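For reference, the structure discussed in these notes is given below.
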Amino acid sequence: MSSFSDGTRSVHAGLPAPQVGEPFLPGPVFAAPYHLDPATGPGTHGYARTEHPTRELLESAIGALEGAPALAFSSGQAAITALLLAVLRTGDTVALPADGYFTVRAFAESTLRELGVKVLLIPTAGPYPDLTGVRLVLLETPANPGLDVVDVRAVSARAHEAGALVAVDNTTATPLGQNPLALGADFVVASGTKALTGHSDVLLGYVASGDAELLGRVETWRKQTGAVPGAFDCWLAHRSIATLDLRLARQSANAAAVTALLVSRPDVTGVRWPGLDSDPSYAVASAQMRRIPGVVSFDLGSAERVAAFLEAAQLVFAATSFGGVHTTADRRAQWGDDTAPGFVRFSCGIEDTEDLVADVAAALDASLS
């Protein structure tokens with residue numbers, strides 16, 4: 001399957017071998033316990049917290065796209081905290097992106113510090129300090145919400161020389177945008193809630209790694225804490241992955257068009273999109289990523305103007321999260337991100353490009369009056 005292109009791989013990822021009279025993708029298995037052998041105990045499946053056939057098919061699909069075995073979790077936050085807690089011990093140091101997802105930093109500053117783990121915050125764009133003594137380096141690229149990009153191969157090499165492990169949050173890019181494990185990372189972690197599943201109807205996370213011992217630690221943590229997704233969520237997610245390539249293509253095209261509009265307007269500042277040739281991240285993103293995601297950021301100057309813009313837009317839903325089929329936007333300062341009051345994270349959906357650009361232009365005009 002790895003020899004096929006992204007669209008083909010997305011459609012066929014994780015499907016069981018064809019059987020006459022059976023569906024392409026089996027429906028969700030709604031079961032917690034399974035029949036045991038009275039003498040020898042469990043067979044392939046014993047209890048859904050530890051193994052589940054629908055979840056296993058989804059994990060097979062994600063693993064095929066990421067290039068290594070994967071474990072599904074009930075949310076992206078469940079996945080990343082499982083990784084951190086499975087790998088880190090008292091006295092360890094973890095390096096986190098200073099401009100990444102704020103809830104991860106909040107978890108580190110509270111729970112991890114209370115457990116005796118030291119936290120080192122590094123901007124995604126660097127500079128990166130000497131990593132000697134660091135146990136785990138977590139990268140998020142493109143970073144959420146500022147969209148800086150880091151050279152995964154270069155930082156992974158430096159981290160490994162210093163004896164550190166590397167994990168990459170691949171939420172924004174998705175495995176069709178980049179494969180961090182192929183670039184030298186030890187783990188990839190992501191929120192599948194976003195573009196991977198892309199319909200704004202599932203909470204999902206995952207961790208993948210080619211190192212069986214490291215992934216085994218994470219799996220033990222999941223078995224003992226129980227942060228697993230339900231059967232229907234797994235089935236919805238797997239079904240949705242089939243259209244990932246198509247969705248990303250339209251989202252990226254829309255982002256390019258919206259970005260062109262934004263940079264042409266003097267009333268919009270701080271436009272960031274790694275696909276823009278004048279963007280600070282363009283060079284690294286172009287070399288490292290197969291495609292640029294549909295997320296754009298910009299500044300409208302004030303919270304009041306952001307509200308006016310969102311109220312005027314017909315095709316832009318005011319909502320948090322990103323990567324869905326509907327275009328959404330939110331003012332990140334209201335959630336705790338260290339951003340300016342008028343900073344907007346804008347996630348392009350799959351609407352017709354001309355319609356979306358016209359709507360954004362009209363809403364920007366209306367927000368000035």
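Labels used: A, B, ... for chains in the order of the structure tokens, numbers from 1 for residues in each chain, and numbers from 1 for ligands as shown.
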List as JSON, numbers by chain the protein and nucleic acid residues near range 50-61 of chain A, meaning an atom at most 9 Å away when only C-alpha atoms are counted, but skip any in the same chain fewer than 2 places from it.
{"A": [9, 10, 12, 13, 14, 15, 16, 25, 26, 27, 28, 29, 30, 31, 32, 44, 45, 46, 47, 48, 63, 64, 65, 66, 69, 70, 71, 72, 206, 219, 222, 223, 224, 226, 228, 229, 230, 231, 232, 233, 234, 235, 237, 238, 239, 241]}
Exercise for review: Excluding Pro341 in chain A and residues on its chain fewer than 6 positions from it, collect all residues at most 9 Å away from it, counting only C-alpha atoms, and give them as a ChimeraX atom specification.
Suggested key: /A:299-304,306,331-334
Quick one: write out the picked residues with C-alpha atoms as a short mmCIF file (atom, residue, chain, number, x, y, z; two decimals), in the first residue's frame?
```cif
data_model
loop_
_atom_site.label_atom_id
_atom_site.label_comp_id
_atom_site.auth_asym_id
_atom_site.auth_seq_id
_atom_site.Cartn_x
_atom_site.Cartn_y
_atom_site.Cartn_z
CA ASP A 299 -4.81 40.02 13.05
CA LEU A 300 -7.80 42.34 12.76
CA GLY A 301 -6.56 44.73 15.43
CA SER A 302 -9.21 44.31 18.11
CA ALA A 303 -11.62 41.86 19.68
CA GLU A 304 -14.50 44.07 18.58
CA VAL A 306 -13.11 40.13 15.07
CA ARG A 331 -10.19 34.66 18.38
CA ARG A 332 -7.49 32.72 20.19
CA ALA A 333 -6.95 35.11 23.10
CA GLN A 334 -10.35 34.12 24.49
#
```
Spatial neighbours of Cys348 in chain A, max dist 9 Å, only C-alpha atoms, sep filter under 5 positions, as a list in words:
Arg250, Gln251, Ser252, Ala253, Asn254, Ala255, Val258, Pro293, Gly294, Val295, Val296, Val316, Phe322, Gly323, Gly324, Val325, His326, Thr327, Thr328, Ala329 and Leu356 of chain A
Query raised in the report: Can you list, as a PyMOL selection string, every residue of range 262-327 of chain A that DSSP puts in strand (DSSP E or B)?
Result: chain A and resi 269-272+295-299+317-318
- Query: Hey, what's within 12 Å of Ala106 in chain A if we count only C-alpha atoms and toss same-chain stuff fewer than 4 positions away? As a list in words, please?
  - Reply: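 Answer for this query is Gln77, Thr81, Leu96, Pro97, Ala98, Gly100, Tyr101, Phe102, Ser110, Thr111, Leu112, Arg113, Glu114, Val119, Leu121, Gly336 and Asp337 of chain A.
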Going by DSSP on the backbone, which residues of range 209-259 of chain A come out as helix (DSSP H, G or I)? List them as number ranges by chain. A: 212-225, 231-241, 244-259
Practice item. Identify, on the basis of only C-alpha atoms, every residue whose closest approach to Val271 in chain A does not exceed 10 Å; exclude the query and any residue fewer than 2 positions from it along the same chain; express the result as a ChimeraX atom specification. Key: /A:146,259-260,262-263,268-269,273,276,279,296-300,343-344
| message | I need the residue nearest Val284 in chain A from this list: A:Ala190, A:Leu36, A:Val218, A:Val149. Use only C-alpha atoms for the distance. | response |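 Of all the options, A:Val149 lies closest to Val284 in chain A.
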* Using only C-alpha atoms, which of A:Ala366, A:Val207, A:Ala164, A:Ala340 sits nearest Ala79 in chain A? ->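 Looking at the shortest contact to Ala79 in chain A, the residue is A:Val207.
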For Ser286 in chain A, list every protein, DNA or RNA residue within 10 Å, evaluated using only C-alpha atoms, and leave out those in the same chain fewer than 5 positions away; present the list as a ChimeraX atom specification. /A:274-277,281,291-292
File of the preceding selection, N, CA, C and O atoms, as a CSV table (one decimal), in the first residue's frame:
```
chain,number,residue,atom,x,y,z
A,274,PRO,N,2.1,28.9,5.9
A,274,PRO,CA,3.3,28.4,5.4
A,274,PRO,C,3.5,28.2,3.9
A,274,PRO,O,4.6,28.0,3.4
A,275,GLY,N,2.3,28.2,3.2
A,275,GLY,CA,2.4,28.1,1.8
A,275,GLY,C,2.6,29.4,1.1
A,275,GLY,O,2.8,29.4,-0.2
A,276,LEU,N,2.7,30.5,1.8
A,276,LEU,CA,2.9,31.8,1.2
A,276,LEU,C,4.4,32.0,1.0
A,276,LEU,O,5.2,31.9,2.0
A,277,ASP,N,4.9,32.4,-0.2
A,277,ASP,CA,6.3,32.4,-0.4
A,277,ASP,C,7.1,33.5,0.4
A,277,ASP,O,8.3,33.4,0.5
A,281,SER,N,8.1,30.7,7.4
A,281,SER,CA,8.2,29.2,7.5
A,281,SER,C,8.2,28.6,6.1
A,281,SER,O,8.3,27.4,6.0
A,291,ARG,N,2.2,18.8,1.5
A,291,ARG,CA,1.1,19.8,1.2
A,291,ARG,C,1.0,20.7,2.5
A,291,ARG,O,1.3,20.3,3.6
A,292,ILE,N,0.4,21.9,2.2
A,292,ILE,CA,0.3,22.9,3.3
A,292,ILE,C,-1.2,22.8,3.8
A,292,ILE,O,-2.1,22.8,2.9
```
Exercise for review: Please identify all polymer residues within 10 Å of Thr132 in chain A, counting only C-alpha atoms, omitting same-chain residues fewer than 3 positions from it, and present them as a list in words.
Suggested key: Thr93, Pro129, Arg135, Arg158, Ala159, His160, Glu161, Ala162, Gly163 and Ala164 of chain A
(message) So, with only C-alpha atoms as the atoms that count, which of A:Leu131, A:Ala195, A:Leu261, A:Leu138 lies closest to Ser321 in chain A?
(response)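 Checking each candidate against Ser321 in chain A, we get A:Ala195 as the closest.
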Exercise for review: Using only C-alpha atoms, find the one residue out of A:Asp201, A:Asp151, A:Asp365, A:Asp245 that sits nearest to Tyr128 in chain A.
Suggested key: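 Using only C-alpha atoms, Tyr128 in chain A sits closest to A:Asp151.
Using only C-alpha atoms, the shortest contact distance between Thr353 in chain A and any of A:Ala125, A:Ala256, A:Gln19, A:Ala82 is found at A:Ala256.
Atom pair CA of Val104 in chain A / CA of Thr174 in chain A: separated by 18.6 Å.
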